[in-house]
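Have a look at model08.cif; it's mmCIF, C-alpha atoms:
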```cif
data_query
#
loop_
_atom_site.label_atom_id
_atom_site.label_comp_id
_atom_site.auth_asym_id
_atom_site.auth_seq_id
_atom_site.Cartn_x
_atom_site.Cartn_y
_atom_site.Cartn_z
CA GLU A 1 -51.90 -49.77 65.45
CA ALA A 2 -48.66 -48.15 64.33
CA GLN A 3 -48.23 -44.90 66.16
CA VAL A 4 -46.11 -42.40 68.01
CA THR A 5 -47.39 -41.71 71.52
CA GLN A 6 -46.58 -38.59 73.48
CA ASN A 7 -47.47 -37.82 77.06
CA PRO A 8 -48.81 -35.64 78.45
CA ARG A 9 -51.03 -33.84 75.89
CA TYR A 10 -51.17 -30.70 78.01
CA LEU A 11 -48.83 -29.50 80.73
CA ILE A 12 -48.75 -26.30 82.75
CA THR A 13 -45.74 -25.81 84.94
CA VAL A 14 -43.69 -23.10 86.62
CA THR A 15 -40.27 -21.75 85.83
CA GLY A 16 -37.44 -23.97 87.01
CA LYS A 17 -39.41 -27.12 87.76
CA LYS A 18 -37.87 -30.02 85.88
CA LEU A 19 -40.17 -31.92 83.55
CA THR A 20 -40.06 -34.77 81.08
CA VAL A 21 -42.23 -35.30 78.02
CA THR A 22 -42.29 -38.92 76.98
CA CYS A 23 -42.35 -40.26 73.43
CA SER A 24 -42.76 -43.85 72.42
CA GLN A 25 -43.12 -45.52 69.01
CA ASN A 26 -44.13 -49.08 68.21
CA MET A 27 -42.84 -49.28 64.64
CA ASN A 28 -39.25 -50.28 65.41
CA HIS A 29 -38.05 -47.04 63.84
CA GLU A 30 -34.39 -46.16 64.13
CA TYR A 31 -34.82 -42.40 63.76
CA MET A 32 -36.65 -40.24 66.30
CA SER A 33 -36.87 -36.50 66.61
CA TRP A 34 -38.37 -33.67 68.66
CA TYR A 35 -39.81 -30.47 67.18
CA ARG A 36 -41.38 -27.39 68.64
CA GLN A 37 -44.10 -25.54 66.77
CA ASP A 38 -44.49 -21.81 67.29
CA PRO A 39 -46.73 -19.37 65.41
CA GLY A 40 -44.91 -17.79 62.50
CA LEU A 41 -41.86 -20.00 62.98
CA GLY A 42 -43.25 -23.34 61.92
CA LEU A 43 -41.58 -26.51 63.07
CA ARG A 44 -38.07 -26.31 64.44
CA GLN A 45 -36.02 -29.35 65.31
CA ILE A 46 -34.76 -29.59 68.88
CA TYR A 47 -32.89 -32.90 68.97
CA TYR A 48 -32.83 -36.06 66.92
CA SER A 49 -31.56 -39.59 67.26
CA MET A 50 -30.42 -41.87 64.46
CA ASN A 51 -30.46 -44.94 66.69
CA VAL A 52 -30.05 -46.17 70.26
CA GLU A 53 -27.45 -44.21 72.23
CA VAL A 54 -26.97 -41.78 69.31
CA THR A 55 -28.37 -38.27 69.72
CA ASP A 56 -27.61 -34.99 67.98
CA LYS A 57 -28.60 -31.37 68.34
CA GLY A 58 -31.13 -29.88 65.99
CA ASP A 59 -31.64 -26.19 65.34
CA VAL A 60 -32.87 -25.12 68.80
CA PRO A 61 -31.37 -27.49 71.41
CA GLU A 62 -30.72 -24.91 74.15
CA GLY A 63 -32.55 -25.69 77.36
CA TYR A 64 -33.39 -29.25 76.37
CA LYS A 65 -31.94 -32.71 76.88
CA VAL A 66 -32.82 -36.06 75.39
CA SER A 67 -31.86 -39.68 75.85
CA ARG A 68 -32.19 -42.79 73.72
CA LYS A 69 -31.56 -45.79 75.93
CA GLU A 70 -34.10 -47.93 74.10
CA LYS A 71 -35.17 -47.92 70.49
CA ARG A 72 -38.83 -47.22 71.19
CA ASN A 73 -38.44 -44.32 73.67
CA PHE A 74 -37.09 -40.81 73.19
CA PRO A 75 -37.95 -38.58 76.15
CA LEU A 76 -37.50 -34.80 76.07
CA ILE A 77 -36.20 -33.32 79.30
CA LEU A 78 -36.42 -29.70 80.40
CA GLU A 79 -34.13 -29.40 83.41
CA SER A 80 -35.12 -25.83 84.24
CA PRO A 81 -38.04 -24.71 82.07
CA SER A 82 -38.44 -21.06 81.20
CA PRO A 83 -41.42 -19.14 79.76
CA ASN A 84 -39.81 -19.01 76.30
CA GLN A 85 -40.17 -22.78 76.16
CA THR A 86 -43.93 -22.43 76.13
CA SER A 87 -44.78 -24.15 72.87
CA LEU A 88 -46.41 -27.08 71.14
CA TYR A 89 -44.03 -30.01 70.98
CA PHE A 90 -44.09 -32.89 68.51
CA CYS A 91 -42.22 -36.15 68.57
CA ALA A 92 -41.68 -37.99 65.31
CA SER A 93 -40.08 -41.17 64.05
CA ARG A 94 -39.19 -42.90 60.80
CA ARG A 95 -37.15 -45.73 59.41
CA THR A 96 -33.68 -45.03 58.09
CA GLU A 97 -33.58 -47.79 55.52
CA GLY A 98 -35.85 -48.79 52.68
CA VAL A 99 -38.03 -46.98 50.19
CA THR A 100 -40.39 -45.56 52.77
CA ASN A 101 -37.69 -44.19 55.03
CA GLU A 102 -38.58 -40.60 54.32
CA LYS A 103 -42.07 -40.75 55.79
CA LEU A 104 -42.10 -39.14 59.20
CA PHE A 105 -44.75 -40.29 61.69
CA PHE A 106 -45.80 -37.68 64.23
CA GLY A 107 -47.21 -37.86 67.71
CA SER A 108 -50.33 -35.90 68.68
CA GLY A 109 -48.35 -33.12 70.30
CA THR A 110 -47.77 -31.79 73.81
CA GLN A 111 -48.90 -28.27 74.62
CA LEU A 112 -46.53 -26.93 77.27
CA SER A 113 -47.08 -23.70 79.18
CA VAL A 114 -44.34 -22.44 81.48
CA LEU A 115 -45.51 -19.72 83.88
CA ALA B 1 -27.85 -21.78 53.81
CA GLN B 2 -30.46 -24.49 53.99
CA ARG B 3 -33.88 -22.95 54.20
CA VAL B 4 -37.51 -23.54 53.32
CA THR B 5 -39.73 -20.51 52.86
CA GLN B 6 -43.50 -20.43 52.75
CA PRO B 7 -44.30 -16.77 52.11
CA GLU B 8 -47.99 -16.93 52.99
CA LYS B 9 -49.04 -17.40 56.61
CA LEU B 10 -52.70 -17.58 55.69
CA LEU B 11 -54.40 -18.34 52.41
CA SER B 12 -58.16 -17.98 52.21
CA VAL B 13 -60.14 -19.17 49.17
CA PHE B 14 -63.71 -20.07 48.35
CA LYS B 15 -64.84 -23.63 47.77
CA GLY B 16 -64.25 -24.65 44.16
CA ALA B 17 -61.53 -22.09 43.56
CA PRO B 18 -58.00 -23.11 42.58
CA VAL B 19 -55.41 -23.01 45.30
CA GLU B 20 -51.64 -22.76 45.24
CA LEU B 21 -49.52 -22.88 48.38
CA LYS B 22 -46.06 -21.56 47.69
CA CYS B 23 -42.83 -23.14 48.83
CA ASN B 24 -39.31 -22.06 47.95
CA TYR B 25 -36.15 -23.68 49.15
CA SER B 26 -32.48 -22.92 49.41
CA TYR B 27 -30.16 -25.92 49.25
CA SER B 28 -26.96 -26.53 47.36
CA GLY B 29 -27.33 -30.30 47.08
CA SER B 30 -29.97 -32.52 45.55
CA PRO B 31 -33.13 -31.96 47.61
CA GLU B 32 -36.01 -34.21 48.51
CA LEU B 33 -39.17 -32.20 49.00
CA PHE B 34 -42.33 -33.05 50.92
CA TRP B 35 -45.63 -31.54 51.91
CA TYR B 36 -47.03 -32.32 55.36
CA VAL B 37 -50.55 -31.44 56.47
CA GLN B 38 -52.09 -30.90 59.91
CA TYR B 39 -55.89 -30.93 60.07
CA SER B 40 -57.58 -29.39 63.07
CA ARG B 41 -56.96 -31.41 66.24
CA GLN B 42 -55.01 -34.05 64.34
CA ARG B 43 -51.35 -34.88 64.13
CA LEU B 44 -49.08 -33.88 61.30
CA GLN B 45 -49.03 -36.35 58.44
CA LEU B 46 -47.29 -36.71 55.13
CA LEU B 47 -49.35 -35.45 52.20
CA LEU B 48 -47.04 -36.06 49.27
CA ARG B 49 -43.40 -36.26 48.22
CA HIS B 50 -41.82 -35.08 45.02
CA ILE B 51 -40.07 -38.33 44.17
CA SER B 52 -43.40 -40.13 43.91
CA ARG B 53 -44.94 -37.59 41.53
CA GLU B 54 -48.28 -38.54 43.03
CA SER B 55 -51.61 -36.80 43.44
CA ILE B 56 -53.11 -37.08 46.89
CA LYS B 57 -56.61 -35.75 47.65
CA GLY B 58 -56.40 -33.83 44.38
CA PHE B 59 -53.19 -32.05 45.37
CA THR B 60 -50.07 -32.09 43.22
CA ALA B 61 -46.67 -30.50 43.56
CA ASP B 62 -43.89 -30.24 41.02
CA LEU B 63 -40.30 -29.68 41.90
CA ASN B 64 -38.87 -26.82 39.86
CA LYS B 65 -35.13 -26.84 40.38
CA GLY B 66 -34.63 -23.75 38.24
CA GLU B 67 -36.91 -21.69 40.45
CA THR B 68 -36.10 -23.75 43.58
CA SER B 69 -39.80 -24.15 44.23
CA PHE B 70 -42.19 -26.91 45.20
CA HIS B 71 -45.60 -25.28 45.13
CA LEU B 72 -48.66 -27.28 46.19
CA LYS B 73 -51.66 -26.98 43.89
CA LYS B 74 -55.24 -28.10 43.69
CA PRO B 75 -57.61 -27.05 40.91
CA PHE B 76 -60.80 -27.03 43.02
CA ALA B 77 -60.50 -26.49 46.77
CA GLN B 78 -62.85 -28.25 49.18
CA GLU B 79 -63.83 -27.19 52.69
CA GLU B 80 -62.17 -30.30 54.11
CA ASP B 81 -58.86 -29.06 52.71
CA SER B 82 -58.76 -26.41 55.42
CA ALA B 83 -55.64 -27.19 57.42
CA MET B 84 -52.09 -26.15 58.17
CA TYR B 85 -49.64 -27.11 55.42
CA TYR B 86 -45.91 -27.46 55.84
CA CYS B 87 -43.34 -27.75 53.10
CA ALA B 88 -40.24 -29.69 54.09
CA LEU B 89 -36.84 -30.39 52.61
CA ARG B 90 -34.70 -33.38 53.41
CA THR B 91 -31.00 -32.86 52.99
CA GLN B 92 -28.61 -35.50 51.74
CA GLY B 93 -27.50 -35.87 55.34
CA GLY B 94 -31.02 -36.85 56.36
CA LYS B 95 -32.02 -33.66 58.16
CA LEU B 96 -35.59 -32.49 57.64
CA ILE B 97 -36.12 -28.74 57.46
CA PHE B 98 -39.64 -27.35 57.65
CA GLY B 99 -41.07 -24.11 56.35
CA GLN B 100 -43.05 -21.77 58.58
CA GLY B 101 -46.35 -23.24 57.50
CA THR B 102 -49.35 -21.89 55.60
CA GLU B 103 -52.84 -22.03 57.00
CA LEU B 104 -55.34 -22.78 54.25
CA SER B 105 -58.92 -21.72 54.90
CA VAL B 106 -61.55 -22.82 52.39
CA LYS B 107 -64.81 -20.97 52.79
CA PRO B 108 -68.20 -22.27 51.61
#
```
Written form, structure tokens:
Amino acid sequence: EAQVTQNPRYLITVTGKKLTVTCSQNMNHEYMSWYRQDPGLGLRQIYYSMNVEVTDKGDVPEGYKVSRKEKRNFPLILESPSPNQTSLYFCASRRTEGVTNEKLFFGSGTQLSVL
Amino acid sequence: AQRVTQPEKLLSVFKGAPVELKCNYSYSGSPELFWYVQYSRQRLQLLLRHISRESIKGFTADLNKGETSFHLKKPFAQEEDSAMYYCALRTQGGKLIFGQGTELSVKP
């Protein structure tokens, strides 16, 4: 089944404790992206990657890191989480070529709470 | 500035009533517009895109470049339409910009 898989689904942590949210897709998509979803603000892009070893900042990259060593994986790293990073996070992927390249596939989301 | 605005945070209608979810955009280039939907406890998924001029689950959306709008419409709302709806714009550079989202609640 074609899908984007995020782990964990729920995470409660404390300020300053490094964490990683994993994202994996099995569709051989070149493009991957991370969003955070906050009430009243909608979806805001954190980082995106057009292909392996290529990453760029989105609209709200502060406090986050990403890496794209393999095509299928795009982990989101919070080196020193803070309470304002409490949010619902979505990973997404799509192709960059072809007629269906605009369709974004989303993961199920990761609810992060930073105490 | 590149921006997508959904002015309504919550839209509540009765079953069978017409529904229109508003979306306005600000973009100087040639936009590609989409509507994404998130049903309760499910992941976000593409509902429709303006280039296809399609009708999905009874929903349609027409791109109005003069008014810079891409409103989502359905003539008769169903309870299963209750969900969070996001309008999105894709720039010529490939960036996807989402609106703030509108929660649609269809009451029996």
Do you know which residues are at most 10 Å from Glu62 in chain A counting only C-alpha atoms, after dropping those on the same chain fewer than 5 positions away, and could you put them as a PyMOL selection string?
-> chain A and resi 46-47+57+78+85
Can you turn the PyMOL selection byres ((chain A) within 8 of (chain B)) into a concrete residue list for this file, as number ranges by chain?
-> A: 40-45, 103-109
Chain and number of each residue from the PyMOL selection byres ((chain B and resi 23-30) around 8), as a list of chain:residue names =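 Selection result, ordered by chain and number: B:Ala1, B:Gln2, B:Arg3, B:Val4, B:Thr5, B:Gln6, B:Pro7, B:Leu21, B:Lys22, B:Pro31, B:Glu32, B:Glu67, B:Thr68, B:Ser69, B:Phe70, B:His71, B:Leu72, B:Cys87, B:Leu89, B:Thr91, B:Gln92, B:Gly99.
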Pairwise distance for CA of Glu20 in chain B and CA of Glu8 in chain B, rounded to one decimal in Å =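 Computing it gives 10.4 Å between the two atoms.
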Residue members of the PyMOL selection byres ((chain B and resi 75) around 8) in the file shown, as a PyMOL selection string = chain B and resi 16-19+58+73-74+76-77
Just how far from CA of Phe74 in chain A is CA of Thr55 in chain A, in Å to one decimal?
->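 These atoms are spaced 9.7 Å apart.
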One decimal, Å: what's the distance from CA of Leu115 in chain A over to CA of Pro83 in chain A, could you say?
-> 5.8 Å
Write out as a list in words which residues come within 9 Å of Ile77 in chain A when counting all atoms listed in the file, dropping same-chain ones fewer than 6 positions away.
->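 Near Ile77 in chain A, the qualifying residues are Lys18, Leu19, Thr20, Val21, Thr22, Gly63, Tyr64, Lys65, Val66 and Ser67 of chain A.
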Write the selection just made, keeping C-alpha atoms, as a compact mmCIF listing (two decimals), in the frame of the given file?
```
# COMPACT_ATOMS: atom_id res chain seq x y z
CA LYS A 18 -37.87 -30.02 85.88
CA LEU A 19 -40.17 -31.92 83.55
CA THR A 20 -40.06 -34.77 81.08
CA VAL A 21 -42.23 -35.30 78.02
CA THR A 22 -42.29 -38.92 76.98
CA GLY A 63 -32.55 -25.69 77.36
CA TYR A 64 -33.39 -29.25 76.37
CA LYS A 65 -31.94 -32.71 76.88
CA VAL A 66 -32.82 -36.06 75.39
CA SER A 67 -31.86 -39.68 75.85
```
Select, from A:Pro39, A:Tyr10, A:Leu76, A:Arg94, the residue with the minimum atom-to-atom distance to Leu10 in chain B, counting only C-alpha atoms.
->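 Under the stated criterion, the closest residue is A:Pro39.
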